file start_8.txt (compact mmCIF, C-alpha atoms and all ligand atoms)
# COMPACT_ATOMS: atom_id res chain seq x y z
CA MET J 1 -13.43 7.10 -1.84
CA LYS J 2 -16.49 5.66 -0.12
CA LEU J 3 -18.14 7.94 2.43
CA SER J 4 -18.14 7.10 6.12
CA THR J 5 -21.52 5.99 7.46
CA PRO J 6 -22.20 9.34 9.25
CA GLU J 7 -21.43 11.35 6.10
CA PHE J 8 -23.40 8.94 3.90
CA ARG J 9 -26.45 9.46 6.18
CA ALA J 10 -25.94 13.23 6.24
CA MET J 11 -25.89 13.31 2.43
CA GLN J 12 -29.39 11.73 2.33
CA SER J 13 -30.79 14.16 4.90
CA LEU J 14 -33.40 16.86 4.34
CA PRO J 15 -31.05 19.69 5.45
CA ARG J 16 -28.53 18.56 2.78
CA LYS J 17 -31.21 18.58 0.09
CA TRP J 18 -32.58 21.91 1.31
CA GLY J 19 -29.12 23.47 1.06
CA GLN J 20 -28.47 22.05 -2.37
CA ARG J 21 -31.83 23.25 -3.70
CA HIS J 22 -32.22 26.65 -2.03
CA PHE J 23 -28.63 27.76 -1.71
CA GLU J 24 -26.11 25.98 -3.95
CA MET J 25 -28.21 25.74 -7.12
CA PRO J 26 -29.24 29.43 -7.02
CA VAL J 27 -25.60 30.47 -6.49
CA PHE J 28 -24.50 28.34 -9.47
CA GLN J 29 -27.32 29.85 -11.56
CA ARG J 30 -26.23 33.38 -10.63
CA MET J 31 -22.72 32.33 -11.71
CA GLY J 32 -24.08 31.35 -15.14
CA LEU J 33 -25.29 27.74 -14.85
CA ASP J 34 -27.45 27.27 -17.95
CA LEU J 35 -28.09 23.69 -19.09
CA LYS J 36 -30.68 24.17 -21.81
CA ASN J 37 -29.87 21.72 -24.65
CA LYS J 38 -26.51 20.93 -23.07
CA ASP J 39 -24.82 17.56 -22.50
CA VAL J 40 -24.19 17.42 -18.77
CA LEU J 41 -21.99 15.17 -16.63
CA GLU J 42 -22.28 15.23 -12.83
CA ILE J 43 -19.32 13.84 -10.90
CA GLY J 44 -20.08 12.26 -7.51
CA CYS J 45 -23.83 12.36 -8.08
CA GLY J 46 -24.58 10.68 -4.75
CA SER J 47 -28.16 9.48 -4.42
CA GLY J 48 -29.38 11.54 -7.35
CA TYR J 49 -30.85 14.70 -5.87
CA GLY J 50 -28.45 16.78 -7.96
CA ALA J 51 -29.77 15.00 -11.07
CA TYR J 52 -33.29 16.03 -10.10
CA LEU J 53 -32.25 19.68 -9.63
CA LEU J 54 -30.02 19.89 -12.72
CA SER J 55 -32.62 18.25 -14.95
CA SER J 56 -35.09 21.01 -14.10
CA LEU J 57 -32.83 23.25 -16.26
CA ASP J 58 -33.73 21.22 -19.35
CA PRO J 59 -30.40 19.68 -20.46
CA LYS J 60 -30.15 17.67 -23.71
CA SER J 61 -28.62 14.79 -21.72
CA TYR J 62 -27.60 14.08 -18.14
CA ILE J 63 -25.30 11.35 -16.77
CA GLY J 64 -24.31 11.08 -13.12
CA ILE J 65 -21.32 9.02 -11.97
CA ASP J 66 -20.33 7.97 -8.47
CA VAL J 67 -17.80 5.53 -7.09
CA MET J 68 -20.05 4.25 -4.26
CA GLU J 69 -22.39 1.40 -5.14
CA GLU J 70 -24.86 2.29 -2.34
CA GLN J 71 -25.26 5.81 -3.79
CA ILE J 72 -25.82 4.58 -7.35
CA THR J 73 -28.37 2.00 -6.14
CA LEU J 74 -30.32 4.72 -4.28
CA ALA J 75 -30.09 7.10 -7.25
CA GLN J 76 -31.40 4.46 -9.68
CA LYS J 77 -34.24 3.57 -7.30
CA ASP J 78 -35.33 7.14 -6.47
CA HIS J 79 -34.74 8.73 -9.89
CA PRO J 80 -35.16 5.96 -12.52
CA GLN J 81 -35.67 8.55 -15.27
CA PHE J 82 -31.97 9.59 -15.16
CA GLU J 83 -28.78 7.74 -16.10
CA PHE J 84 -26.35 6.87 -13.28
CA ILE J 85 -23.12 4.92 -13.66
CA LEU J 86 -20.83 3.35 -11.05
CA GLN J 87 -17.54 4.93 -12.08
CA SER J 88 -14.62 6.82 -10.56
CA ALA J 89 -13.92 10.36 -11.70
CA GLU J 90 -10.27 9.39 -12.09
CA ASP J 91 -11.18 7.35 -15.17
CA LEU J 92 -13.70 8.93 -17.53
CA SER J 93 -12.49 6.86 -20.50
CA ARG J 94 -16.05 5.78 -21.29
CA PHE J 95 -16.65 9.41 -22.36
CA SER J 96 -15.06 10.77 -25.54
CA ASP J 97 -12.83 13.82 -25.69
CA ALA J 98 -14.81 17.09 -25.95
CA SER J 99 -18.18 15.36 -25.49
CA LYS J 100 -19.68 17.39 -22.59
CA ASP J 101 -20.89 20.99 -22.54
CA VAL J 102 -21.07 21.20 -18.76
CA VAL J 103 -19.55 19.23 -15.86
CA VAL J 104 -20.93 19.78 -12.35
CA ILE J 105 -19.49 18.82 -8.96
CA PHE J 106 -21.28 19.30 -5.64
CA GLY J 107 -18.49 18.70 -3.11
CA VAL J 108 -16.55 15.63 -4.28
CA LEU J 109 -12.89 16.39 -5.09
CA HIS J 110 -11.89 16.52 -1.40
CA HIS J 111 -12.84 12.80 -1.27
CA ILE J 112 -10.57 11.78 -4.14
CA ARG J 113 -6.93 10.94 -3.44
CA ASN J 114 -5.89 11.56 -7.05
CA TRP J 115 -8.13 14.61 -7.49
CA ARG J 116 -5.75 16.16 -10.06
CA LYS J 117 -6.31 13.16 -12.33
CA ALA J 118 -10.08 13.70 -11.99
CA ILE J 119 -9.67 17.33 -13.10
CA ASP J 120 -7.45 16.23 -16.01
CA GLU J 121 -10.22 13.87 -17.10
CA ILE J 122 -12.91 16.55 -16.74
CA ASN J 123 -10.78 18.90 -18.83
CA ARG J 124 -10.46 16.20 -21.51
CA VAL J 125 -14.21 15.46 -21.78
CA LEU J 126 -15.24 19.15 -21.76
CA LYS J 127 -15.87 20.77 -25.13
CA PRO J 128 -13.89 23.93 -25.92
CA GLY J 129 -15.96 26.78 -24.48
CA GLY J 130 -17.56 24.37 -22.02
CA SER J 131 -18.22 25.11 -18.35
CA PHE J 132 -17.24 23.33 -15.15
CA PHE J 133 -19.24 24.22 -12.03
CA LEU J 134 -17.58 23.14 -8.84
CA GLU J 135 -18.11 23.57 -5.12
CA GLU J 136 -15.74 22.36 -2.43
CA PRO J 137 -15.19 23.05 1.28
CA ARG J 138 -12.02 24.71 2.56
CA GLY J 139 -9.56 22.54 4.49
CA VAL J 140 -10.57 24.21 7.77
CA ASP J 141 -14.24 23.34 7.18
CA ILE J 142 -13.37 19.71 6.47
CA LYS J 143 -11.57 19.62 9.84
CA ILE J 144 -14.64 21.14 11.55
CA PHE J 145 -16.97 18.51 10.02
CA ASP J 146 -14.60 15.75 11.10
CA ALA J 147 -14.25 17.14 14.64
CA PHE J 148 -17.96 17.71 15.26
CA PHE J 149 -19.66 15.03 13.15
CA ARG J 150 -16.90 12.39 12.83
CA TRP J 151 -17.25 12.27 9.05
CA GLY J 152 -13.71 10.94 8.71
CA HIS J 153 -12.64 12.53 5.45
CA PRO J 154 -9.71 10.88 3.67
CA ASP J 155 -6.31 12.42 4.16
CA THR J 156 -5.49 14.02 0.81
CA ASP J 157 -3.48 17.05 -0.28
CA PHE J 158 -6.64 18.67 -1.66
CA GLY J 159 -6.93 22.38 -0.92
CA LEU J 160 -8.27 25.44 -2.72
CA ASN J 161 -4.81 26.88 -3.45
CA ALA J 162 -3.66 23.57 -4.93
CA LEU J 163 -6.92 23.36 -6.87
CA ASP J 164 -6.49 26.85 -8.36
CA ALA J 165 -2.88 26.05 -9.27
CA HIS J 166 -3.89 22.86 -11.08
CA LEU J 167 -6.74 24.53 -12.96
CA THR J 168 -4.38 27.28 -14.09
CA GLN J 169 -1.69 24.78 -15.08
CA LEU J 170 -4.21 23.08 -17.39
CA GLY J 171 -5.11 26.42 -19.00
CA LEU J 172 -8.62 26.40 -17.52
CA VAL J 173 -10.01 29.84 -16.68
CA ILE J 174 -11.55 30.59 -13.27
CA HIS J 175 -14.41 32.69 -14.63
CA THR J 176 -16.11 33.27 -11.24
CA LYS J 177 -15.18 32.19 -7.73
CA GLN J 178 -17.42 32.88 -4.77
CA TRP J 179 -16.76 32.26 -1.09
CA THR J 180 -19.82 31.24 0.88
CA PRO J 181 -20.09 29.80 4.39
CA LEU J 182 -18.74 26.21 4.25
CA LEU J 183 -18.30 26.04 0.46
CA THR J 184 -16.29 27.84 -2.19
CA MET J 185 -18.07 27.84 -5.53
CA TYR J 186 -16.49 28.08 -8.97
CA HIS J 187 -17.50 28.60 -12.56
CA ILE J 188 -14.53 27.40 -14.60
CA LYS J 189 -14.35 27.75 -18.37
CA LYS J 190 -12.41 25.78 -20.94
CA ARG J 191 -10.99 28.05 -23.64
C1 LIG G 201 -19.84 14.65 -0.01
S1 LIG G 201 -20.60 13.48 -1.07
C2 LIG G 201 -21.55 14.56 -2.12
C3 LIG G 201 -22.69 13.83 -2.79
C4 LIG G 201 -23.59 14.74 -3.64
N1 LIG G 201 -22.84 15.35 -4.72
C5 LIG G 201 -24.21 15.81 -2.75
O1 LIG G 201 -23.85 16.97 -2.91
O2 LIG G 201 -25.05 15.49 -1.93
C6 LIG G 201 -19.26 13.00 -2.14
C7 LIG G 201 -19.65 12.00 -3.19
O3 LIG G 201 -18.53 11.75 -4.03
C8 LIG G 201 -18.46 10.37 -4.29
N2 LIG G 201 -17.09 10.03 -4.69
C9 LIG G 201 -16.00 9.88 -3.88
N3 LIG G 201 -14.92 9.57 -4.60
C10 LIG G 201 -15.31 9.55 -5.90
C11 LIG G 201 -14.65 9.28 -7.13
N4 LIG G 201 -13.33 8.96 -7.17
N5 LIG G 201 -15.36 9.33 -8.28
C12 LIG G 201 -16.69 9.63 -8.25
N6 LIG G 201 -17.37 9.91 -7.11
C13 LIG G 201 -16.70 9.84 -5.96
C14 LIG G 201 -18.93 9.73 -3.00
O4 LIG G 201 -19.33 8.39 -3.17
C15 LIG G 201 -20.08 10.65 -2.62
O5 LIG G 201 -21.30 10.24 -3.19

call {"tool": "encode", "arguments": {"input": "start_8.txt", "output": "structure tokens"}}
result
Amino acid sequence: MKLSTPEFRAMQSLPRKWGQRHFEMPVFQRMGLDLKNKDVLEIGCGSGYGAYLLSSLDPKSYIGIDVMEEQITLAQKDHPQFEFILQSAEDLSRFSDASKDVVVIFGVLHHIRNWRKAIDEINRVLKPGGSFFLEEPRGVDIKIFDAFFRWGHPDTDFGLNALDAHLTQLGLVIHTKQWTPLLTMYHIKKR
């Protein structure tokens, strides 16, 4: 779903970029994020700062998708060297089965009504042995953001317990899971 205007602005802010660069990326790297010579798909790439950070790890290829036209326009303008596509995570049919080594999400599933379908699609495009790096806020943190900053998140049944249950149901393995303030971070492996 499209972001509210306050959240859209917050996602372009320096504090957001600082956090992504100096906190989230290092945590993912400690959890095993290694992109060298890998085919990488980022879901909900926003305005492309994740592409900039991920590409510093030397992937073979990078594609970012996002459902919001304003985000893709900004990403293409600010980072013309990377590939960005206007596309919902619920339909990854443009990507073949088992075509990606690594899928990365920086805080997106809690915006998707049919988030289970998005995970089904990620599971399909991942190669056996591939990795899925994911960070999402807990339900209580989403409520705090909405109360204090009026971000107006969509009402979905997304939650970390439901997420873990769906990953397990698909046979995906939660290799590492780390609680941090505001975000829970995962390294998920496909067998
Ligand atoms: C909280 S923002 C995070 C943006 C960026 N990943 C970051 O960390 O700064 C969530 C992003 O997910 C995108 N999004 C929401 N629903 C989506 C969907 N169904 N498929 C792909 N992207 C989606 C939004 O447009 C937005 O850019």

call {"tool": "residues_near_ligand", "arguments": {"input": "start_8.txt", "ligand": "ligand LIG 201 (chain G)", "cutoff": "6 Å", "atoms": "all atoms listed in the file", "output": "PDB file with C-alpha atoms, in the frame of the given file"}}
result
ATOM      1  CA  MET J   1     -13.430   7.100  -1.840  1.00  0.00           C
ATOM      2  CA  LYS J   2     -16.490   5.660  -0.120  1.00  0.00           C
ATOM      3  CA  LEU J   3     -18.140   7.940   2.430  1.00  0.00           C
ATOM      4  CA  MET J  11     -25.890  13.310   2.430  1.00  0.00           C
ATOM      5  CA  ILE J  43     -19.320  13.840 -10.900  1.00  0.00           C
ATOM      6  CA  GLY J  44     -20.080  12.260  -7.510  1.00  0.00           C
ATOM      7  CA  CYS J  45     -23.830  12.360  -8.080  1.00  0.00           C
ATOM      8  CA  GLY J  46     -24.580  10.680  -4.750  1.00  0.00           C
ATOM      9  CA  ILE J  65     -21.320   9.020 -11.970  1.00  0.00           C
ATOM     10  CA  ASP J  66     -20.330   7.970  -8.470  1.00  0.00           C
ATOM     11  CA  VAL J  67     -17.800   5.530  -7.090  1.00  0.00           C
ATOM     12  CA  MET J  68     -20.050   4.250  -4.260  1.00  0.00           C
ATOM     13  CA  GLN J  71     -25.260   5.810  -3.790  1.00  0.00           C
ATOM     14  CA  SER J  88     -14.620   6.820 -10.560  1.00  0.00           C
ATOM     15  CA  ALA J  89     -13.920  10.360 -11.700  1.00  0.00           C
ATOM     16  CA  GLU J  90     -10.270   9.390 -12.090  1.00  0.00           C
ATOM     17  CA  PHE J 106     -21.280  19.300  -5.640  1.00  0.00           C
ATOM     18  CA  GLY J 107     -18.490  18.700  -3.110  1.00  0.00           C
ATOM     19  CA  VAL J 108     -16.550  15.630  -4.280  1.00  0.00           C
ATOM     20  CA  HIS J 111     -12.840  12.800  -1.270  1.00  0.00           C
ATOM     21  CA  ILE J 112     -10.570  11.780  -4.140  1.00  0.00           C
TER      22      ILE J 112
END

call {"tool": "residues_near_point", "arguments": {"input": "start_8.txt", "point": "(-21.1, 15.8, -22.5)", "cutoff": "6 Å", "atoms": "all atoms listed in the file", "output": "list of chain:residue names"}}
result
J:Asp39, J:Val40, J:Leu41, J:Ser99, J:Lys100, J:Asp101

call {"tool": "atom_distance", "arguments": {"input": "start_8.txt", "atom1": "atom CA of J:Pro181", "atom2": "atom CA of J:Thr156"}}
result
21.8 Å

call {"tool": "atom_distance", "arguments": {"input": "start_8.txt", "atom1": "atom CA of J:Glu7", "atom2": "atom CA of J:Leu163"}}
result
22.9 Å

call {"tool": "residues_around", "arguments": {"input": "start_8.txt", "residues": "J:Val102", "least_positions_apart": "3", "cutoff": "6 Å", "atoms": "all atoms listed in the file", "output": "list in words"}}
result
Val40, Gly130, Ser131 and Phe132 of chain J

call {"tool": "closest_atom_pairs", "arguments": {"input": "start_8.txt", "of": "stretch 50-159 of chain J", "to": "stretch 15-37 of chain J", "cutoff": "12 Å", "atoms": "only C-alpha atoms", "output": "CSV"}}
result
residue,atom,partner,partner_atom,distance
J:Gly50,CA,J:Gln20,CA,7.7
J:Ala51,CA,J:Arg21,CA,11.3
J:Tyr52,CA,J:Arg21,CA,9.8
J:Leu53,CA,J:Arg21,CA,6.9
J:Leu54,CA,J:Leu35,CA,7.7
J:Ser55,CA,J:Leu35,CA,8.2
J:Ser56,CA,J:Leu35,CA,9.0
J:Leu57,CA,J:Leu35,CA,5.5
J:Asp58,CA,J:Lys36,CA,4.9
J:Pro59,CA,J:Asn37,CA,4.7
J:Lys60,CA,J:Asn37,CA,4.2
J:Ser61,CA,J:Asn37,CA,7.6
J:Tyr62,CA,J:Leu35,CA,9.7
J:Lys100,CA,J:Leu35,CA,11.1
J:Asp101,CA,J:Leu35,CA,8.4
J:Val102,CA,J:Leu35,CA,7.5
J:Val103,CA,J:Leu35,CA,10.2
J:Val104,CA,J:Leu33,CA,9.4
J:Ile105,CA,J:Phe28,CA,10.8
J:Phe106,CA,J:Gln20,CA,8.4
J:Gly107,CA,J:Gln20,CA,10.6
J:Gly130,CA,J:Leu35,CA,11.0
J:Ser131,CA,J:Leu33,CA,8.3
J:Phe132,CA,J:Leu33,CA,9.2
J:Phe133,CA,J:Phe28,CA,7.2
J:Leu134,CA,J:Phe28,CA,8.7
J:Glu135,CA,J:Glu24,CA,8.4
J:Glu136,CA,J:Glu24,CA,11.1

call {"tool": "decode", "arguments": {"input": "start_8.txt", "residues": "stretch 27-39 of chain J", "atoms": "all heavy atoms", "output": "PDB file, in the first residue's frame"}}
result
ATOM      1  N   VAL J  27      23.844  -4.856  11.229  1.00  0.00           N
ATOM      2  CA  VAL J  27      23.204  -6.019  11.886  1.00  0.00           C
ATOM      3  C   VAL J  27      23.001  -7.126  10.856  1.00  0.00           C
ATOM      4  O   VAL J  27      23.333  -8.295  11.094  1.00  0.00           O
ATOM      5  CB  VAL J  27      21.865  -5.634  12.563  1.00  0.00           C
ATOM      6  CG1 VAL J  27      21.137  -6.880  13.071  1.00  0.00           C
ATOM      7  CG2 VAL J  27      22.097  -4.666  13.723  1.00  0.00           C
ATOM      8  N   PHE J  28      22.463  -6.778   9.674  1.00  0.00           N
ATOM      9  CA  PHE J  28      22.284  -7.809   8.631  1.00  0.00           C
ATOM     10  C   PHE J  28      23.622  -8.456   8.281  1.00  0.00           C
ATOM     11  O   PHE J  28      23.697  -9.675   8.083  1.00  0.00           O
ATOM     12  CB  PHE J  28      21.670  -7.185   7.371  1.00  0.00           C
ATOM     13  CG  PHE J  28      20.156  -7.115   7.359  1.00  0.00           C
ATOM     14  CD1 PHE J  28      19.503  -6.212   6.520  1.00  0.00           C
ATOM     15  CD2 PHE J  28      19.370  -7.957   8.138  1.00  0.00           C
ATOM     16  CE1 PHE J  28      18.119  -6.150   6.473  1.00  0.00           C
ATOM     17  CE2 PHE J  28      17.982  -7.896   8.102  1.00  0.00           C
ATOM     18  CZ  PHE J  28      17.353  -6.989   7.272  1.00  0.00           C
ATOM     19  N   GLN J  29      24.682  -7.657   8.208  1.00  0.00           N
ATOM     20  CA  GLN J  29      25.989  -8.233   7.843  1.00  0.00           C
ATOM     21  C   GLN J  29      26.476  -9.185   8.941  1.00  0.00           C
ATOM     22  O   GLN J  29      27.017 -10.253   8.646  1.00  0.00           O
ATOM     23  CB  GLN J  29      27.000  -7.128   7.569  1.00  0.00           C
ATOM     24  CG  GLN J  29      26.710  -6.461   6.223  1.00  0.00           C
ATOM     25  CD  GLN J  29      27.728  -5.396   5.872  1.00  0.00           C
ATOM     26  OE1 GLN J  29      27.516  -4.225   6.170  1.00  0.00           O
ATOM     27  NE2 GLN J  29      28.807  -5.803   5.275  1.00  0.00           N
ATOM     28  N   ARG J  30      26.245  -8.824  10.191  1.00  0.00           N
ATOM     29  CA  ARG J  30      26.632  -9.740  11.276  1.00  0.00           C
ATOM     30  C   ARG J  30      25.793 -11.015  11.220  1.00  0.00           C
ATOM     31  O   ARG J  30      26.221 -12.074  11.653  1.00  0.00           O
ATOM     32  CB  ARG J  30      26.462  -9.063  12.639  1.00  0.00           C
ATOM     33  CG  ARG J  30      27.572  -8.070  12.954  1.00  0.00           C
ATOM     34  CD  ARG J  30      27.642  -7.771  14.441  1.00  0.00           C
ATOM     35  NE  ARG J  30      26.490  -7.026  14.917  1.00  0.00           N
ATOM     36  CZ  ARG J  30      26.358  -5.697  14.819  1.00  0.00           C
ATOM     37  NH1 ARG J  30      27.318  -4.983  14.294  1.00  0.00           N
ATOM     38  NH2 ARG J  30      25.280  -5.091  15.262  1.00  0.00           N
ATOM     39  N   MET J  31      24.587 -10.905  10.656  1.00  0.00           N
ATOM     40  CA  MET J  31      23.723 -12.097  10.538  1.00  0.00           C
ATOM     41  C   MET J  31      24.064 -12.912   9.292  1.00  0.00           C
ATOM     42  O   MET J  31      23.428 -13.923   9.028  1.00  0.00           O
ATOM     43  CB  MET J  31      22.260 -11.652  10.479  1.00  0.00           C
ATOM     44  CG  MET J  31      21.769 -11.010  11.756  1.00  0.00           C
ATOM     45  SD  MET J  31      20.110 -10.287  11.533  1.00  0.00           S
ATOM     46  CE  MET J  31      19.074 -11.585  12.123  1.00  0.00           C
ATOM     47  N   GLY J  32      25.017 -12.446   8.489  1.00  0.00           N
ATOM     48  CA  GLY J  32      25.477 -13.242   7.341  1.00  0.00           C
ATOM     49  C   GLY J  32      25.192 -12.645   5.974  1.00  0.00           C
ATOM     50  O   GLY J  32      25.388 -13.330   4.958  1.00  0.00           O
ATOM     51  N   LEU J  33      24.738 -11.391   5.906  1.00  0.00           N
ATOM     52  CA  LEU J  33      24.462 -10.783   4.592  1.00  0.00           C
ATOM     53  C   LEU J  33      25.763 -10.687   3.791  1.00  0.00           C
ATOM     54  O   LEU J  33      26.695  -9.995   4.198  1.00  0.00           O
ATOM     55  CB  LEU J  33      23.862  -9.381   4.779  1.00  0.00           C
ATOM     56  CG  LEU J  33      23.504  -8.642   3.482  1.00  0.00           C
ATOM     57  CD1 LEU J  33      22.285  -9.284   2.815  1.00  0.00           C
ATOM     58  CD2 LEU J  33      23.210  -7.163   3.762  1.00  0.00           C
ATOM     59  N   ASP J  34      25.801 -11.418   2.695  1.00  0.00           N
ATOM     60  CA  ASP J  34      26.983 -11.447   1.825  1.00  0.00           C
ATOM     61  C   ASP J  34      26.438 -11.476   0.396  1.00  0.00           C
ATOM     62  O   ASP J  34      25.775 -12.437   0.007  1.00  0.00           O
ATOM     63  CB  ASP J  34      27.815 -12.705   2.127  1.00  0.00           C
ATOM     64  CG  ASP J  34      28.905 -12.920   1.094  1.00  0.00           C
ATOM     65  OD1 ASP J  34      29.234 -11.966   0.354  1.00  0.00           O
ATOM     66  OD2 ASP J  34      29.416 -14.067   1.010  1.00  0.00           O
ATOM     67  N   LEU J  35      26.683 -10.430  -0.375  1.00  0.00           N
ATOM     68  CA  LEU J  35      26.043 -10.326  -1.689  1.00  0.00           C
ATOM     69  C   LEU J  35      27.012 -10.519  -2.838  1.00  0.00           C
ATOM     70  O   LEU J  35      26.618 -10.386  -4.007  1.00  0.00           O
ATOM     71  CB  LEU J  35      25.348  -8.953  -1.819  1.00  0.00           C
ATOM     72  CG  LEU J  35      24.297  -8.630  -0.749  1.00  0.00           C
ATOM     73  CD1 LEU J  35      23.637  -7.291  -1.041  1.00  0.00           C
ATOM     74  CD2 LEU J  35      23.240  -9.729  -0.678  1.00  0.00           C
ATOM     75  N   LYS J  36      28.257 -10.822  -2.536  1.00  0.00           N
ATOM     76  CA  LYS J  36      29.258 -10.880  -3.607  1.00  0.00           C
ATOM     77  C   LYS J  36      28.851 -11.905  -4.666  1.00  0.00           C
ATOM     78  O   LYS J  36      28.598 -13.063  -4.364  1.00  0.00           O
ATOM     79  CB  LYS J  36      30.628 -11.243  -3.021  1.00  0.00           C
ATOM     80  CG  LYS J  36      31.740 -11.038  -4.015  1.00  0.00           C
ATOM     81  CD  LYS J  36      33.064 -10.725  -3.349  1.00  0.00           C
ATOM     82  CE  LYS J  36      34.143 -10.476  -4.387  1.00  0.00           C
ATOM     83  NZ  LYS J  36      33.968  -9.246  -5.133  1.00  0.00           N
ATOM     84  N   ASN J  37      28.731 -11.417  -5.918  1.00  0.00           N
ATOM     85  CA  ASN J  37      28.355 -12.260  -7.063  1.00  0.00           C
ATOM     86  C   ASN J  37      26.962 -12.888  -6.929  1.00  0.00           C
ATOM     87  O   ASN J  37      26.708 -13.939  -7.517  1.00  0.00           O
ATOM     88  CB  ASN J  37      29.397 -13.364  -7.301  1.00  0.00           C
ATOM     89  CG  ASN J  37      30.710 -12.763  -7.743  1.00  0.00           C
ATOM     90  OD1 ASN J  37      30.715 -11.770  -8.470  1.00  0.00           O
ATOM     91  ND2 ASN J  37      31.809 -13.333  -7.284  1.00  0.00           N
ATOM     92  N   LYS J  38      26.113 -12.265  -6.160  1.00  0.00           N
ATOM     93  CA  LYS J  38      24.763 -12.819  -5.952  1.00  0.00           C
ATOM     94  C   LYS J  38      23.734 -12.000  -6.743  1.00  0.00           C
ATOM     95  O   LYS J  38      23.910 -10.804  -6.967  1.00  0.00           O
ATOM     96  CB  LYS J  38      24.387 -12.765  -4.460  1.00  0.00           C
ATOM     97  CG  LYS J  38      25.366 -13.476  -3.530  1.00  0.00           C
ATOM     98  CD  LYS J  38      25.039 -14.936  -3.422  1.00  0.00           C
ATOM     99  CE  LYS J  38      26.100 -15.756  -2.719  1.00  0.00           C
ATOM    100  NZ  LYS J  38      26.321 -15.386  -1.339  1.00  0.00           N
ATOM    101  N   ASP J  39      22.646 -12.664  -7.133  1.00  0.00           N
ATOM    102  CA  ASP J  39      21.503 -11.978  -7.743  1.00  0.00           C
ATOM    103  C   ASP J  39      20.547 -11.576  -6.622  1.00  0.00           C
ATOM    104  O   ASP J  39      20.034 -12.445  -5.909  1.00  0.00           O
ATOM    105  CB  ASP J  39      20.799 -12.912  -8.740  1.00  0.00           C
ATOM    106  CG  ASP J  39      21.661 -13.157  -9.975  1.00  0.00           C
ATOM    107  OD1 ASP J  39      22.157 -12.172 -10.557  1.00  0.00           O
ATOM    108  OD2 ASP J  39      21.860 -14.333 -10.342  1.00  0.00           O
TER     109      ASP J  39
END
